[in-house]
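**Q** The structure that follows is given in the form of structure tokens.
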Amino acid sequence: MVIKESRGDKIFNLINGAILFIILLISVYPIWFVLCASISEPDLVNSGKMLFWPKEITFGGYKAVFTDPQILIGYRNTIFYTVFGTLINLAVTMPAAYALSRKDFVGNRLITIFFLITMFFSGGLIPTYLIIDKLHMVNTIWVLLIVYATNMSNIILSRTFFSNSIPQEMQEAAQIDGCSNFKLFLQIVLPLSKPIIAVMTLFFAIGHWNEYFTSMIYISNDKLKPLQLVLNDILVKSDAMERLIQTGAIDPSKLEESLRIKSLIRYSLIVVASLPIMCLYPFIQKYFVKGVMIGALKA
Amino acid sequence: MSILNLANPIAPAANDKKLRSKSAYKWTLVKRNWQLYLFVLPAAITFILFNYLPMYGVLISFKSYNMAAGIWDSPWAEPWYKYFKMFFSSPWFFRTIKNTLVLSLYGLIINSILPILLALMVNEVRNSFYKKIVQTATYIPYFISVVVLVGMVNLFFSTSTGLVNQVIKMLGHEPISFLTSEPAFKHLYVWSGVWQGTGWGSIIYFAALSNVSPELHEAATIDGAGRLQRIIHINIPALIPTFIIMLILGSGSIMSVSYQKILLMQNDLNVLASEVIQTYVYKVGLRNSQQYSYASAIGLFNNVINLILLITVNKISAKVSDTSLW
């Protein structure tokens with residue numbers, strides 16, 4: 001059925017479209033501005049003369065960022081934490097979610113409740129710190145890899161997928177044929193679960209990439225710091241900036257020059273820290289949305 | 001309606017005549033599926049070590065914690081509520097509670113409404129290409145880390161060089177020092193969150209809107225309902241259950257604002273408006289001093305209030321609208 005658009009409809013569409021266009025600009029413009037500012041002459045940026053397009057292009061900011069050893073170490077560490085942390089997340093979360101999706105798993109309800117309690121009550125910051133200290137995990141990579149190895153909301157999300165998308169009859173048939181649960185999970189269920197694996201990989205990976213609070217509390221060793229923590233030192237606090245300027249490509253004798261380039265470095269750093277995710281984003285967007293949908297359909 | 005969806009208890013083996021009792025059937029299932037216990041083991045260990053052990057560690061809120069003695073052997077506080085009383089009589093008590101409530105309620109209200117509006121508006125777009133572009137653009141900020149977000153806020157709102165103040169100066173006004181101003185803090189906090197989270201928050205409402213049957217709209221159109229009327233009488237009611245679930249979840253965390261972001265946005269000049277319960281816990285417990293018992297007691301107090309709020313709002317909602325978490 002095709003309904004002819006009325007005059008009122010046309011006006012409605014026009015206003016609606018226009019408001020959404022403004023929202024679109026608000027969403028994208030700050031990111032675009034940072035991108036432009038990271039390669040523009042800082043004086044023009046700081047005096048509001050660079051607004052929509054890069055002006056007097058310079059790569060000084062990136063040069064400084066990529067010659068700073070702490071940033072490079074942070075980058076390396078973050079890649080390490082993201083890759084291995086995500087692998088551990090998946091290895092812990094997927095089997096547990098699968099087991100809980102099985103109706104013939106005795107104790108299912110009890111275990112679910114045991115896990116659910118963690119969503120609504122926690123020991124809090126200090127007791128958690130003391131326990132992790134007791135386990136000798138402070139200032140080790142393990143605190144970033146296994147303390148948050150899983151969480152109940154992602155287990156629920158995966159479990160929902162398993163119970164809705166993998167036919168129960170197929171699993172029963174496989175079991176009658178003498179297929180063990182290990183084999184069933186690895187050879188039949190997982191190959192059918194690519195969408196949820198993609199979603200979980202992305203949720204966990206983004207979490208690791210962006211994580212800063214846990215590392216701020218538990219990691220003080222410079223060699224183990226992830227990128228976000230290094231960023232925090234430079235973007236939010238400013239004392240680390242001096243070091244950056246000295247180790248960077250800028251001549252420290254020109255103090256004015258170094259002050260001027262501070263903001264340039266900040267903009268470049270934001271780009272460098274966010275670019276990997278932003279580049280991946282168009283490809284992974286549909287999986288993210290799918291993940292939220294899986295959760296939402298259940299609600 | 002429940003997002004928790006507890007799995008059904010084991011179905012009785014009605015069709016299996018060989019098994020006389022339910023418990024015998026259960027036992028065969030346990031034996032047949034023993035590997036499934038290994039599947040949940042790593043997750044169980046993680047939760048026990050890093051969630052349940054800290055819950056036991058909460059005991060120190062009632063003790064005078066002593067590093068050498070450990071959690072169990074530290075002497076009890078005299079009286080047992082010593083650290084709670086200390087917090088209630090601290091000058092920070094009312095201030096942190098007030099700030100926590102102001103920031104979280106302000107955020108909760110704005111962040112509950114705007115995603116719905118966005119979803120309703122985007123849902124009305126007929127051109128699917130434009131729709132997709134708007135969606136993609138509004139989701140992007142969600143992936144920016146909180147450190148970068150605060151870094152951007154600092155750059156944009158800087159008094160001397162920030163873009164916002166450059167524009168204000170161009171319009172012929174005096175620059176405003178947003179970053180160090182107490183009254184501006186809550187707006188910066190909430191609206192930077194709006195920028196980051198509104199698009200993402202709207203996805204769940206799109207899902208609900210896509211479940212609205214098109215026949216409903218056709219029927220309404222034939223009956224002469226206009227665009228706005230259909231939005232008000234068909235689309236908005238369809239979103240209410242989701243809205244309530246989100247509201248319940250949100251109110252369960254009223255006392256736990258995103259203190260990680262607040263911590264980053266905080267400075268000496270806005271601290272009176274930005275100190276919330278959890279940033280205070282972090283400072284007295286880890287950063288400025290190591291008053292473990294005191295900080296742990298404040299954290300526990302905060303947690304209990306959260307739990308009470310969640311249960312209360314859930315109860316009210318179950319009565320009023322039949323929508324609840326469990």
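Just so we're on the same page: first chain in the structure tokens is A, next is B, and so on; residues restart at 1 for each chain, and ligands are numbered from 1 in the order they show up.
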Near stretch 86-89 of chain B, within 10 Å and counting only C-alpha atoms, which residues show up once chain neighbours fewer than 3 positions away are dropped, as a count of residues only?
**A** 11
**Q** Identify, with DSSP run on backbone atoms, the residues in stretch 90-274 of chain B assigned to helix (DSSP H, G or I), and express the list as a compact mmCIF listing (two decimals) with N, CA and C atoms, in the first residue's frame.
**A**
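Saved as selection.txt:
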# COMPACT_ATOMS: atom_id res chain seq x y z
N TRP B 92 32.22 16.19 54.64
CA TRP B 92 32.01 15.77 53.26
C TRP B 92 30.73 14.97 53.08
N PHE B 93 30.12 14.55 54.19
CA PHE B 93 28.96 13.67 54.09
C PHE B 93 27.85 14.28 53.22
N PHE B 94 27.33 15.46 53.64
CA PHE B 94 26.23 16.05 52.90
C PHE B 94 26.66 16.50 51.52
N ARG B 95 27.88 17.02 51.45
CA ARG B 95 28.35 17.53 50.17
C ARG B 95 28.44 16.41 49.13
N THR B 96 29.07 15.29 49.51
CA THR B 96 29.23 14.21 48.52
C THR B 96 27.87 13.60 48.16
N ILE B 97 26.99 13.49 49.14
CA ILE B 97 25.68 12.92 48.81
C ILE B 97 24.91 13.85 47.90
N LYS B 98 24.97 15.14 48.21
CA LYS B 98 24.25 16.10 47.37
C LYS B 98 24.81 16.08 45.93
N ASN B 99 26.14 16.12 45.83
CA ASN B 99 26.74 16.11 44.48
C ASN B 99 26.39 14.83 43.73
N THR B 100 26.45 13.71 44.44
CA THR B 100 26.13 12.44 43.79
C THR B 100 24.72 12.48 43.24
N LEU B 101 23.78 12.94 44.08
CA LEU B 101 22.38 12.96 43.66
C LEU B 101 22.15 13.94 42.51
N VAL B 102 22.74 15.13 42.63
CA VAL B 102 22.54 16.13 41.58
C VAL B 102 23.05 15.59 40.25
N LEU B 103 24.28 15.10 40.24
CA LEU B 103 24.87 14.65 38.98
C LEU B 103 24.12 13.45 38.41
N SER B 104 23.74 12.50 39.28
CA SER B 104 23.15 11.30 38.71
C SER B 104 21.69 11.51 38.31
N LEU B 105 20.94 12.28 39.10
CA LEU B 105 19.55 12.51 38.71
C LEU B 105 19.47 13.37 37.45
N TYR B 106 20.28 14.40 37.40
CA TYR B 106 20.34 15.24 36.20
C TYR B 106 20.65 14.37 34.99
N GLY B 107 21.70 13.53 35.13
CA GLY B 107 22.08 12.65 34.03
C GLY B 107 21.00 11.64 33.70
N LEU B 108 20.40 11.08 34.74
CA LEU B 108 19.38 10.03 34.52
C LEU B 108 18.20 10.58 33.73
N ILE B 109 17.74 11.77 34.12
CA ILE B 109 16.58 12.35 33.44
C ILE B 109 16.91 12.64 31.98
N ILE B 110 18.01 13.37 31.76
CA ILE B 110 18.37 13.74 30.39
C ILE B 110 18.65 12.49 29.55
N ASN B 111 19.40 11.56 30.12
CA ASN B 111 19.80 10.39 29.33
C ASN B 111 18.69 9.36 29.18
N SER B 112 17.58 9.54 29.89
CA SER B 112 16.45 8.65 29.64
C SER B 112 15.61 9.18 28.50
N ILE B 113 15.53 10.49 28.41
CA ILE B 113 14.60 11.08 27.45
C ILE B 113 15.21 11.24 26.06
N LEU B 114 16.44 11.76 26.00
CA LEU B 114 17.00 12.07 24.68
C LEU B 114 17.13 10.87 23.74
N PRO B 115 17.59 9.70 24.22
CA PRO B 115 17.67 8.56 23.29
C PRO B 115 16.32 8.20 22.69
N ILE B 116 15.24 8.34 23.47
CA ILE B 116 13.91 8.03 22.95
C ILE B 116 13.54 9.01 21.84
N LEU B 117 13.79 10.29 22.10
CA LEU B 117 13.48 11.30 21.09
C LEU B 117 14.25 11.01 19.81
N LEU B 118 15.55 10.70 19.96
CA LEU B 118 16.37 10.43 18.78
C LEU B 118 15.82 9.22 18.02
N ALA B 119 15.50 8.16 18.75
CA ALA B 119 14.99 6.96 18.08
C ALA B 119 13.69 7.26 17.34
N LEU B 120 12.80 8.01 17.98
CA LEU B 120 11.53 8.35 17.33
C LEU B 120 11.76 9.17 16.07
N MET B 121 12.69 10.12 16.15
CA MET B 121 12.94 10.97 14.99
C MET B 121 13.58 10.20 13.85
N VAL B 122 14.61 9.41 14.18
CA VAL B 122 15.29 8.67 13.11
C VAL B 122 14.34 7.65 12.51
N ASN B 123 13.46 7.11 13.32
CA ASN B 123 12.49 6.14 12.84
C ASN B 123 11.56 6.72 11.78
N SER B 128 16.47 5.68 3.46
CA SER B 128 17.24 4.75 4.29
C SER B 128 18.74 5.10 4.32
N PHE B 129 19.22 5.77 3.28
CA PHE B 129 20.62 6.17 3.27
C PHE B 129 20.89 7.24 4.32
N TYR B 130 20.03 8.24 4.35
CA TYR B 130 20.16 9.31 5.33
C TYR B 130 20.03 8.75 6.75
N LYS B 131 19.10 7.83 6.90
CA LYS B 131 18.88 7.19 8.19
C LYS B 131 20.16 6.53 8.69
N LYS B 132 20.79 5.81 7.78
CA LYS B 132 21.99 5.07 8.13
C LYS B 132 23.12 6.03 8.53
N ILE B 133 23.23 7.12 7.77
CA ILE B 133 24.29 8.10 8.06
C ILE B 133 24.09 8.71 9.44
N VAL B 134 22.85 9.09 9.73
CA VAL B 134 22.58 9.69 11.04
C VAL B 134 22.92 8.69 12.15
N GLN B 135 22.50 7.44 11.95
CA GLN B 135 22.77 6.44 12.98
C GLN B 135 24.27 6.25 13.18
N THR B 136 24.99 6.04 12.08
CA THR B 136 26.43 5.83 12.17
C THR B 136 27.11 6.99 12.89
N ALA B 137 26.73 8.21 12.50
CA ALA B 137 27.37 9.39 13.08
C ALA B 137 27.09 9.51 14.57
N THR B 138 25.87 9.19 14.99
CA THR B 138 25.56 9.38 16.40
C THR B 138 26.11 8.25 17.28
N TYR B 139 26.44 7.11 16.68
CA TYR B 139 27.04 6.04 17.49
C TYR B 139 28.52 6.26 17.74
N ILE B 140 29.19 6.94 16.79
CA ILE B 140 30.65 7.05 16.85
C ILE B 140 31.20 7.51 18.21
N PRO B 141 30.67 8.57 18.80
CA PRO B 141 31.30 9.07 20.03
C PRO B 141 31.35 8.03 21.15
N TYR B 142 30.46 7.04 21.08
CA TYR B 142 30.41 6.04 22.13
C TYR B 142 31.74 5.30 22.28
N PHE B 143 32.50 5.21 21.20
CA PHE B 143 33.72 4.38 21.24
C PHE B 143 34.94 5.13 21.71
N VAL B 146 37.06 7.31 27.92
CA VAL B 146 36.71 8.39 28.83
C VAL B 146 37.88 9.37 29.00
N VAL B 147 39.10 8.85 28.93
CA VAL B 147 40.27 9.72 29.04
C VAL B 147 40.30 10.70 27.86
N VAL B 148 40.07 10.17 26.66
CA VAL B 148 40.07 11.04 25.49
C VAL B 148 38.91 12.03 25.55
N LEU B 149 37.75 11.56 26.01
CA LEU B 149 36.59 12.44 26.11
C LEU B 149 36.90 13.63 27.02
N VAL B 150 37.45 13.34 28.19
CA VAL B 150 37.77 14.43 29.11
C VAL B 150 38.87 15.31 28.53
N GLY B 151 39.82 14.69 27.84
CA GLY B 151 40.86 15.46 27.17
C GLY B 151 40.24 16.42 26.16
N MET B 152 39.25 15.95 25.43
CA MET B 152 38.58 16.80 24.45
C MET B 152 37.81 17.91 25.13
N VAL B 153 37.10 17.58 26.21
CA VAL B 153 36.37 18.62 26.96
C VAL B 153 37.35 19.71 27.39
N ASN B 154 38.49 19.29 27.93
CA ASN B 154 39.48 20.26 28.38
C ASN B 154 39.99 21.14 27.25
N LEU B 155 40.21 20.53 26.09
CA LEU B 155 40.70 21.31 24.96
C LEU B 155 39.64 22.27 24.44
N PHE B 156 38.42 21.80 24.31
CA PHE B 156 37.35 22.62 23.73
C PHE B 156 36.92 23.75 24.65
N PHE B 157 36.98 23.49 25.97
CA PHE B 157 36.45 24.50 26.89
C PHE B 157 37.54 25.30 27.61
N LEU B 163 38.04 26.20 21.71
CA LEU B 163 37.18 26.57 20.60
C LEU B 163 35.93 27.31 21.08
N VAL B 164 35.32 26.79 22.14
CA VAL B 164 34.07 27.38 22.61
C VAL B 164 34.28 28.84 23.00
N ASN B 165 35.37 29.09 23.72
CA ASN B 165 35.61 30.47 24.13
C ASN B 165 36.05 31.36 22.97
N GLN B 166 36.69 30.76 21.95
CA GLN B 166 37.01 31.54 20.76
C GLN B 166 35.74 32.04 20.11
N VAL B 167 34.74 31.14 20.06
CA VAL B 167 33.46 31.52 19.46
C VAL B 167 32.78 32.59 20.32
N ILE B 168 32.83 32.39 21.64
CA ILE B 168 32.23 33.38 22.54
C ILE B 168 32.88 34.75 22.34
N LYS B 169 34.21 34.75 22.19
CA LYS B 169 34.93 36.01 21.99
C LYS B 169 34.54 36.65 20.66
N MET B 170 34.40 35.79 19.63
CA MET B 170 34.01 36.30 18.32
C MET B 170 32.65 36.99 18.37
N PHE B 178 34.97 27.70 32.06
CA PHE B 178 34.10 26.56 32.33
C PHE B 178 34.76 25.52 33.23
N LEU B 179 36.04 25.24 32.94
CA LEU B 179 36.67 24.08 33.56
C LEU B 179 36.90 24.25 35.05
N THR B 180 36.98 25.47 35.49
CA THR B 180 37.25 25.68 36.91
C THR B 180 36.02 26.21 37.63
N GLU B 182 32.43 25.99 39.44
CA GLU B 182 31.60 25.01 40.15
C GLU B 182 30.24 24.82 39.50
N PRO B 183 29.51 25.91 39.22
CA PRO B 183 28.18 25.66 38.64
C PRO B 183 28.23 25.01 37.26
N ALA B 184 29.31 25.22 36.51
CA ALA B 184 29.36 24.65 35.15
C ALA B 184 29.65 23.16 35.16
N PHE B 185 30.17 22.67 36.28
CA PHE B 185 30.64 21.27 36.29
C PHE B 185 29.55 20.28 35.90
N LYS B 186 28.38 20.42 36.53
CA LYS B 186 27.34 19.42 36.27
C LYS B 186 26.91 19.43 34.81
N HIS B 187 26.90 20.61 34.20
CA HIS B 187 26.49 20.67 32.80
C HIS B 187 27.53 20.03 31.90
N LEU B 188 28.80 20.33 32.17
CA LEU B 188 29.87 19.72 31.37
C LEU B 188 29.80 18.21 31.50
N TYR B 189 29.60 17.75 32.73
CA TYR B 189 29.57 16.32 32.99
C TYR B 189 28.40 15.66 32.25
N VAL B 190 27.21 16.19 32.43
CA VAL B 190 26.03 15.55 31.85
C VAL B 190 26.03 15.67 30.32
N TRP B 191 26.34 16.86 29.80
CA TRP B 191 26.19 17.04 28.36
C TRP B 191 27.31 16.40 27.58
N SER B 192 28.51 16.26 28.17
CA SER B 192 29.53 15.48 27.46
C SER B 192 29.08 14.02 27.41
N GLY B 193 28.35 13.58 28.44
CA GLY B 193 27.79 12.23 28.43
C GLY B 193 26.70 12.09 27.38
N VAL B 194 25.90 13.14 27.23
CA VAL B 194 24.85 13.12 26.21
C VAL B 194 25.49 12.98 24.83
N TRP B 195 26.52 13.77 24.58
CA TRP B 195 27.20 13.71 23.29
C TRP B 195 27.71 12.29 23.03
N GLN B 196 28.26 11.67 24.07
CA GLN B 196 28.85 10.36 23.88
C GLN B 196 27.81 9.24 23.80
N GLY B 197 26.75 9.34 24.59
CA GLY B 197 25.92 8.16 24.77
C GLY B 197 24.53 8.15 24.14
N THR B 198 24.06 9.30 23.64
CA THR B 198 22.67 9.33 23.18
C THR B 198 22.41 8.41 21.99
N GLY B 199 23.30 8.46 21.01
CA GLY B 199 23.12 7.62 19.83
C GLY B 199 23.09 6.15 20.22
N TRP B 200 24.06 5.79 21.01
CA TRP B 200 24.15 4.41 21.44
C TRP B 200 22.92 4.00 22.24
N GLY B 201 22.49 4.88 23.13
CA GLY B 201 21.33 4.59 23.96
C GLY B 201 20.06 4.42 23.15
N SER B 202 20.05 4.99 21.93
CA SER B 202 18.82 4.92 21.15
C SER B 202 18.65 3.57 20.45
N ILE B 203 19.73 2.79 20.35
CA ILE B 203 19.66 1.52 19.61
C ILE B 203 18.57 0.62 20.19
N ILE B 204 18.55 0.56 21.51
CA ILE B 204 17.62 -0.35 22.16
C ILE B 204 16.17 0.06 21.85
N TYR B 205 15.95 1.37 21.65
CA TYR B 205 14.60 1.81 21.30
C TYR B 205 14.27 1.55 19.84
N PHE B 206 15.30 1.59 18.98
CA PHE B 206 15.07 1.18 17.59
C PHE B 206 14.58 -0.25 17.55
N ALA B 207 15.23 -1.09 18.37
CA ALA B 207 14.84 -2.50 18.41
C ALA B 207 13.37 -2.61 18.76
N ALA B 208 12.94 -1.83 19.77
CA ALA B 208 11.54 -1.89 20.18
C ALA B 208 10.63 -1.36 19.06
N LEU B 209 11.08 -0.29 18.38
CA LEU B 209 10.25 0.28 17.32
C LEU B 209 10.11 -0.67 16.14
N SER B 210 11.18 -1.45 15.88
CA SER B 210 11.10 -2.35 14.73
C SER B 210 10.13 -3.50 15.00
N PRO B 214 3.53 -2.97 11.27
CA PRO B 214 3.16 -1.92 10.30
C PRO B 214 1.65 -1.85 10.09
N GLU B 215 0.97 -2.96 10.32
CA GLU B 215 -0.49 -2.96 10.14
C GLU B 215 -1.17 -1.95 11.07
N LEU B 216 -0.58 -1.84 12.25
CA LEU B 216 -1.12 -0.89 13.22
C LEU B 216 -1.12 0.52 12.62
N HIS B 217 0.03 0.85 11.97
CA HIS B 217 0.16 2.18 11.37
C HIS B 217 -0.80 2.34 10.19
N GLU B 218 -0.91 1.27 9.39
CA GLU B 218 -1.81 1.35 8.24
C GLU B 218 -3.25 1.56 8.70
N ALA B 219 -3.63 0.77 9.69
CA ALA B 219 -5.00 0.90 10.20
C ALA B 219 -5.26 2.31 10.72
N ALA B 220 -4.28 2.84 11.44
CA ALA B 220 -4.44 4.18 12.01
C ALA B 220 -4.52 5.22 10.90
N THR B 221 -3.72 5.03 9.85
CA THR B 221 -3.74 5.98 8.74
C THR B 221 -5.10 5.99 8.07
N ILE B 222 -5.65 4.77 7.86
CA ILE B 222 -6.97 4.68 7.24
C ILE B 222 -8.02 5.38 8.10
N ARG B 227 0.69 11.91 11.16
CA ARG B 227 2.01 11.43 11.54
C ARG B 227 2.23 11.55 13.05
N LEU B 228 2.01 12.74 13.57
CA LEU B 228 2.27 12.97 15.00
C LEU B 228 1.36 12.13 15.87
N GLN B 229 0.10 12.00 15.44
CA GLN B 229 -0.85 11.21 16.22
C GLN B 229 -0.40 9.76 16.30
N ARG B 230 0.12 9.25 15.16
CA ARG B 230 0.57 7.86 15.17
C ARG B 230 1.80 7.69 16.05
N ILE B 231 2.68 8.70 16.05
CA ILE B 231 3.85 8.61 16.92
C ILE B 231 3.41 8.58 18.37
N ILE B 232 2.48 9.47 18.70
CA ILE B 232 2.07 9.57 20.10
C ILE B 232 1.28 8.35 20.55
N HIS B 233 0.41 7.83 19.67
CA HIS B 233 -0.47 6.75 20.13
C HIS B 233 0.02 5.35 19.80
N ILE B 234 0.97 5.23 18.88
CA ILE B 234 1.47 3.88 18.56
C ILE B 234 2.93 3.70 18.99
N ASN B 235 3.80 4.60 18.51
CA ASN B 235 5.23 4.39 18.76
C ASN B 235 5.62 4.60 20.22
N ILE B 236 5.16 5.68 20.80
CA ILE B 236 5.57 5.96 22.18
C ILE B 236 5.11 4.87 23.15
N PRO B 237 3.84 4.42 23.07
CA PRO B 237 3.45 3.32 23.96
C PRO B 237 4.31 2.07 23.77
N ALA B 238 4.76 1.84 22.54
CA ALA B 238 5.57 0.65 22.27
C ALA B 238 6.92 0.73 22.98
N LEU B 239 7.36 1.96 23.29
CA LEU B 239 8.69 2.12 23.89
C LEU B 239 8.66 2.09 25.41
N ILE B 240 7.45 2.18 25.97
CA ILE B 240 7.39 2.35 27.42
C ILE B 240 7.98 1.19 28.23
N PRO B 241 7.70 -0.08 27.88
CA PRO B 241 8.32 -1.15 28.67
C PRO B 241 9.85 -1.07 28.71
N THR B 242 10.46 -0.83 27.54
CA THR B 242 11.91 -0.70 27.49
C THR B 242 12.37 0.48 28.33
N PHE B 243 11.64 1.59 28.20
CA PHE B 243 11.96 2.79 28.95
C PHE B 243 11.97 2.49 30.46
N ILE B 244 10.98 1.74 30.90
CA ILE B 244 10.89 1.46 32.34
C ILE B 244 12.04 0.57 32.80
N ILE B 245 12.36 -0.45 31.99
CA ILE B 245 13.50 -1.31 32.34
C ILE B 245 14.77 -0.47 32.46
N MET B 246 14.99 0.43 31.49
CA MET B 246 16.19 1.26 31.52
C MET B 246 16.19 2.18 32.75
N LEU B 247 14.99 2.66 33.09
CA LEU B 247 14.87 3.55 34.23
C LEU B 247 15.17 2.80 35.53
N ILE B 248 14.68 1.57 35.63
CA ILE B 248 14.94 0.79 36.84
C ILE B 248 16.45 0.54 36.96
N LEU B 249 17.04 0.11 35.85
CA LEU B 249 18.47 -0.16 35.89
C LEU B 249 19.23 1.11 36.25
N GLY B 250 18.79 2.24 35.67
CA GLY B 250 19.45 3.51 35.94
C GLY B 250 19.32 3.93 37.39
N SER B 251 18.14 3.71 37.96
CA SER B 251 17.95 4.15 39.34
C SER B 251 18.71 3.26 40.31
N TYR B 259 32.04 7.73 38.31
CA TYR B 259 33.04 8.48 39.06
C TYR B 259 34.40 8.46 38.39
N GLN B 260 34.61 7.51 37.45
CA GLN B 260 35.90 7.51 36.75
C GLN B 260 36.03 8.76 35.90
N LYS B 261 34.91 9.14 35.27
CA LYS B 261 34.93 10.36 34.46
C LYS B 261 35.05 11.59 35.35
N ILE B 262 34.29 11.55 36.46
CA ILE B 262 34.33 12.70 37.37
C ILE B 262 35.74 12.92 37.90
N LEU B 263 36.39 11.82 38.24
CA LEU B 263 37.75 11.90 38.76
C LEU B 263 38.66 12.62 37.77
N LEU B 264 38.47 12.32 36.49
CA LEU B 264 39.30 12.94 35.46
C LEU B 264 38.95 14.41 35.27
N MET B 265 37.68 14.75 35.46
CA MET B 265 37.26 16.13 35.20
C MET B 265 37.50 17.03 36.40
N VAL B 271 36.24 21.22 42.90
CA VAL B 271 36.09 20.03 43.73
C VAL B 271 34.85 20.06 44.62
N LEU B 272 34.43 21.24 45.03
CA LEU B 272 33.25 21.32 45.91
C LEU B 272 31.99 20.87 45.18
N ALA B 273 31.97 21.04 43.87
CA ALA B 273 30.80 20.61 43.11
C ALA B 273 30.99 19.23 42.51
N SER B 274 32.23 18.73 42.50
CA SER B 274 32.48 17.50 41.77
C SER B 274 32.83 16.31 42.66
**Q** Go through A:Met152, A:Ala97, A:Leu20, A:Ile234 one by one, measure the shortest atom-to-atom distance of each to A:Arg266 using only C-alpha atoms, and give the residue with the smallest value.
**A**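 Looking only at the distances to A:Arg266, the closest residue turns out to be A:Ile234.
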**Q** Interatomic distance between atom CA of B:Ile176 and atom CA of B:Tyr280?
**A** 27.8 Å
**Q** Would you give me, as a JSON list (two decimals) with N, CA and C atoms, in the first residue's frame, the residues of chain A that come within 6 Å of chain B, using only C-alpha atoms?
**A**
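So the final result, stored in selection_14.json, reads:
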[["chain", "number", "residue", "atom", "x", "y", "z"],
["A", 24, "LEU", "N", 23.51, 15.37, 13.70],
["A", 24, "LEU", "CA", 24.62, 14.71, 13.01],
["A", 24, "LEU", "C", 25.88, 15.57, 13.09],
["A", 27, "SER", "N", 27.41, 15.54, 16.50],
["A", 27, "SER", "CA", 28.10, 14.28, 16.79],
["A", 27, "SER", "C", 29.47, 14.23, 16.15],
["A", 46, "ASN", "N", 44.41, 27.74, 18.13],
["A", 46, "ASN", "CA", 44.17, 28.32, 19.45],
["A", 46, "ASN", "C", 43.53, 29.70, 19.40],
["A", 48, "GLY", "N", 41.14, 30.33, 17.16],
["A", 48, "GLY", "CA", 39.83, 30.15, 16.56],
["A", 48, "GLY", "C", 39.78, 30.45, 15.08],
["A", 92, "VAL", "N", 36.70, -17.71, 28.86],
["A", 92, "VAL", "CA", 35.97, -17.88, 30.12],
["A", 92, "VAL", "C", 34.47, -17.70, 29.91],
["A", 95, "PRO", "N", 32.16, -20.67, 27.14],
["A", 95, "PRO", "CA", 31.76, -21.98, 27.67],
["A", 95, "PRO", "C", 30.76, -21.85, 28.81],
["A", 96, "ALA", "N", 30.97, -20.87, 29.68],
["A", 96, "ALA", "CA", 30.04, -20.71, 30.81],
["A", 96, "ALA", "C", 28.65, -20.36, 30.29],
["A", 99, "ALA", "N", 27.05, -23.48, 28.77],
["A", 99, "ALA", "CA", 26.57, -24.43, 29.78],
["A", 99, "ALA", "C", 25.26, -23.93, 30.39],
["A", 122, "SER", "N", 28.63, -5.71, 45.17],
["A", 122, "SER", "CA", 30.07, -5.93, 45.04],
["A", 122, "SER", "C", 30.74, -5.50, 46.33],
["A", 123, "GLY", "N", 31.96, -5.94, 46.49],
["A", 123, "GLY", "CA", 32.68, -5.59, 47.71],
["A", 123, "GLY", "C", 33.07, -4.13, 47.73],
["A", 124, "GLY", "N", 33.19, -3.54, 46.55],
["A", 124, "GLY", "CA", 33.60, -2.15, 46.48],
["A", 124, "GLY", "C", 35.10, -2.03, 46.25],
["A", 126, "ILE", "N", 37.78, -0.68, 47.85],
["A", 126, "ILE", "CA", 38.84, -0.95, 48.82],
["A", 126, "ILE", "C", 38.99, -2.45, 49.11],
["A", 127, "PRO", "N", 37.90, -3.15, 49.46],
["A", 127, "PRO", "CA", 38.07, -4.59, 49.68],
["A", 127, "PRO", "C", 38.64, -5.31, 48.45],
["A", 128, "THR", "N", 38.20, -4.91, 47.26],
["A", 128, "THR", "CA", 38.74, -5.52, 46.05],
["A", 128, "THR", "C", 40.24, -5.28, 45.96],
["A", 210, "ASN", "N", 40.02, 0.84, 25.89],
["A", 210, "ASN", "CA", 39.68, 2.11, 26.54],
["A", 210, "ASN", "C", 39.90, 2.12, 28.05],
["A", 232, "ASN", "N", 46.30, 9.78, 29.95],
["A", 232, "ASN", "CA", 45.78, 10.50, 31.10],
["A", 232, "ASN", "C", 46.84, 11.44, 31.66],
["A", 235, "LEU", "N", 47.18, 14.21, 28.72],
["A", 235, "LEU", "CA", 46.01, 15.01, 28.34],
["A", 235, "LEU", "C", 45.39, 15.73, 29.52],
["A", 236, "VAL", "N", 45.28, 15.00, 30.63],
["A", 236, "VAL", "CA", 44.50, 15.55, 31.72],
["A", 236, "VAL", "C", 45.42, 16.24, 32.74],
["A", 296, "ALA", "N", 18.35, -6.59, 23.73],
["A", 296, "ALA", "CA", 17.09, -5.87, 23.80],
["A", 296, "ALA", "C", 15.88, -6.78, 23.57],
["A", 298, "LYS", "N", 15.38, -9.58, 24.42],
["A", 298, "LYS", "CA", 15.03, -10.33, 25.62],
["A", 298, "LYS", "C", 14.24, -9.45, 26.59],
["A", 299, "ALA", "N", 14.45, -8.17, 26.49],
["A", 299, "ALA", "CA", 13.83, -7.27, 27.48],
["A", 299, "ALA", "C", 12.32, -7.14, 27.25]]
**Q** Kindly give the distance, in Å, that separates atom CA of A:Phe105 and atom CA of A:Ile117, rounded to a single decimal.
**A**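 The value is 19.8 Å.
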**Q** Got a sec: who's within 12 Å of A:Ala205, counting only C-alpha atoms, leaving out chain neighbours fewer than 6 positions off, as a ChimeraX atom specification?
**A** /A:78-90,145,149,197-199,211,276-277,280,284,288 /B:143
**Q** Here is a test: counting only C-alpha atoms, which residue of A:Gln70, A:Tyr218, A:Gln285, A:Phe161 is nearest to A:Leu130?
**A** A:Tyr218
